[in-house]
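Asks: Pasting a structure below so you can have a look.
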Amino acid sequence: MKHILFLFLGLFSLSQLTAQTKPVYDSVLAKKLGADEYGMKSYIMVLLKSGTYKAKDKKESDSLFRGHMDNIISLANAGKLALAGPFGKNDLYRGIFIFNVKTVDEAKLLCEKDPAIKINLFAVDYLPWYGSAAVMQINDIHKTIEKKSH
C-alpha cells in the first residue's frame with residue numbers, strides 16, 4: 001500500500017509540474033507567424049528531383065549550385081522560403097523547399113529565379129502543405145547556430 005501511495009504522489013507531482021510548465025498561448029507571435037487557431041498554416045512544398053540537364057563540367061556545376069544557394073539565401077531573407085535542404089544520396093529526390101506562399105503559382109514564380117531549376121538540373125513537384133507556423137522561425141534560429149555560412 002505504501003508503494004502505491006508513493007507512486008500516486010509521484011505521478012501527481014509529475015502532472016502538476018507538467019501543468020505548470022505548459023507554454024502560454026502567445027497571440028502576438030501567432031499573428032506574426034500567420035498561425036491559425038491550431039498553430040498551423042498553409043505552405044507550398046516543392047520537391048526537387050534530378051532533372052534532365054547535366055552540367056558540362058565542374059566549373060558549370062559549381063556556378064549553378066552557387067546560383068542555387070544564392071537564390072535560397074535571398075528567398076529565406078525575404079521571408080518567402082521557410083525551410084530548404086538536400087536529401088541524402090538517391091537517384092530521384094534532391095531536396096526540398098517549403099515556401100511561405102499561398103499558391104502553387106506563387107511558388108512557381110519563385111522557382112523560376114533559381115538557375116538550377118531554370119536549366120532543368122532540378123525538376124520540381126509542387127504540393128500544398130499544412131504545417132506548424134513555427135516553421136517560420138527556423139531561418140532566424142538557424143542563423144544563431146551556423147558556425148559557417150554558405
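Identifiers for the C-alpha cells are assigned positionally: chains receive A, B, ... in sequence, residues are indexed from 1 per chain, and ligands are indexed from 1 in the order shown.
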Just list as a ChimeraX atom specification whatever in chain A DSSP marks as strand (DSSP E or B).
Replies: /A:40-50,81-86,93-99,122-132
Asks: Can those selected residues be exported to a file as a PDB file, in the first residue's frame so that it contains C-alpha atoms?
Replies:
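Dumped everything to result_32.pdb:
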```
ATOM      1  CA  MET A  40      -0.694  25.804 -38.168  1.00  0.00           C
ATOM      2  CA  LYS A  41      -0.611  27.463 -41.591  1.00  0.00           C
ATOM      3  CA  SER A  42      -0.535  26.602 -45.279  1.00  0.00           C
ATOM      4  CA  TYR A  43       2.676  26.462 -47.275  1.00  0.00           C
ATOM      5  CA  ILE A  44       3.716  25.182 -50.688  1.00  0.00           C
ATOM      6  CA  MET A  45       6.184  22.299 -50.595  1.00  0.00           C
ATOM      7  CA  VAL A  46       8.491  21.852 -53.559  1.00  0.00           C
ATOM      8  CA  LEU A  47      10.234  18.552 -54.130  1.00  0.00           C
ATOM      9  CA  LEU A  48      13.407  18.997 -56.154  1.00  0.00           C
ATOM     10  CA  LYS A  49      14.197  15.987 -58.311  1.00  0.00           C
ATOM     11  CA  SER A  50      17.020  15.169 -60.696  1.00  0.00           C
ATOM     12  CA  LEU A  81      11.396  30.375 -48.023  1.00  0.00           C
ATOM     13  CA  ALA A  82      10.611  28.840 -44.651  1.00  0.00           C
ATOM     14  CA  LEU A  83      12.740  25.723 -44.990  1.00  0.00           C
ATOM     15  CA  ALA A  84      15.129  24.157 -47.500  1.00  0.00           C
ATOM     16  CA  GLY A  85      17.623  21.355 -47.619  1.00  0.00           C
ATOM     17  CA  PRO A  86      19.014  18.449 -49.596  1.00  0.00           C
ATOM     18  CA  TYR A  93      14.930  13.261 -54.992  1.00  0.00           C
ATOM     19  CA  ARG A  94      17.497  16.015 -54.495  1.00  0.00           C
ATOM     20  CA  GLY A  95      15.975  18.430 -51.985  1.00  0.00           C
ATOM     21  CA  ILE A  96      13.000  20.270 -50.577  1.00  0.00           C
ATOM     22  CA  PHE A  97      11.707  23.820 -50.348  1.00  0.00           C
ATOM     23  CA  ILE A  98       8.868  24.871 -48.047  1.00  0.00           C
ATOM     24  CA  PHE A  99       7.614  28.193 -49.389  1.00  0.00           C
ATOM     25  CA  PHE A 122      16.398  20.125 -60.960  1.00  0.00           C
ATOM     26  CA  ALA A 123      12.849  19.235 -61.939  1.00  0.00           C
ATOM     27  CA  VAL A 124      10.144  20.221 -59.452  1.00  0.00           C
ATOM     28  CA  ASP A 125       6.876  18.948 -57.996  1.00  0.00           C
ATOM     29  CA  TYR A 126       4.606  21.389 -56.130  1.00  0.00           C
ATOM     30  CA  LEU A 127       2.391  20.287 -53.242  1.00  0.00           C
ATOM     31  CA  PRO A 128       0.235  22.304 -50.829  1.00  0.00           C
ATOM     32  CA  TRP A 129       1.355  21.526 -47.271  1.00  0.00           C
ATOM     33  CA  TYR A 130      -0.246  22.316 -43.908  1.00  0.00           C
ATOM     34  CA  GLY A 131       2.304  22.513 -41.095  1.00  0.00           C
ATOM     35  CA  SER A 132       3.266  24.315 -37.933  1.00  0.00           C
TER      36      SER A 132
END
```
Asks: Would you mind reading off the distance between atom CA of A:Thr103 and atom CA of A:Ala116, one decimal, in Å?
Replies: 21.7 Å
Asks: Excluding stretch 59-64 of chain A and residues on its chain fewer than 5 positions from it, collect all residues at most 10 Å away from it, counting only C-alpha atoms, and give them as a list in words.
Replies: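 So the residues in contact are Lys54, Met69, Asp70, Asp114, Pro115, Ala116, Ile117, Lys118, Ile119 and Leu121 of chain A.
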Asks: Measuring between only C-alpha atoms, which one of A:Ile145, A:Ala134, A:Val28, A:Leu75 shows the shortest distance to A:Leu109?
Replies: A:Leu75
Asks: What gap, in Å, lies between atom CA of A:Lys143 and atom CA of A:Ala30?
Replies: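 Computed distance, atom CA of A:Lys143 to atom CA of A:Ala30, equals 21.3 Å.
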Asks: Between A:Glu106, A:Asn100, A:Asp140, A:Gly39, which residue has the minimum interatomic distance to A:Asp26, considering only C-alpha atoms?
Replies: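 Nearest to A:Asp26: A:Gly39.
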Asks: Pick from A:Thr52, A:Ala78, A:Ala133, A:Val101: nearest to A:Ala35, with only C-alpha atoms counted?
Replies: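 The answer is A:Ala133, which sits nearest to A:Ala35.
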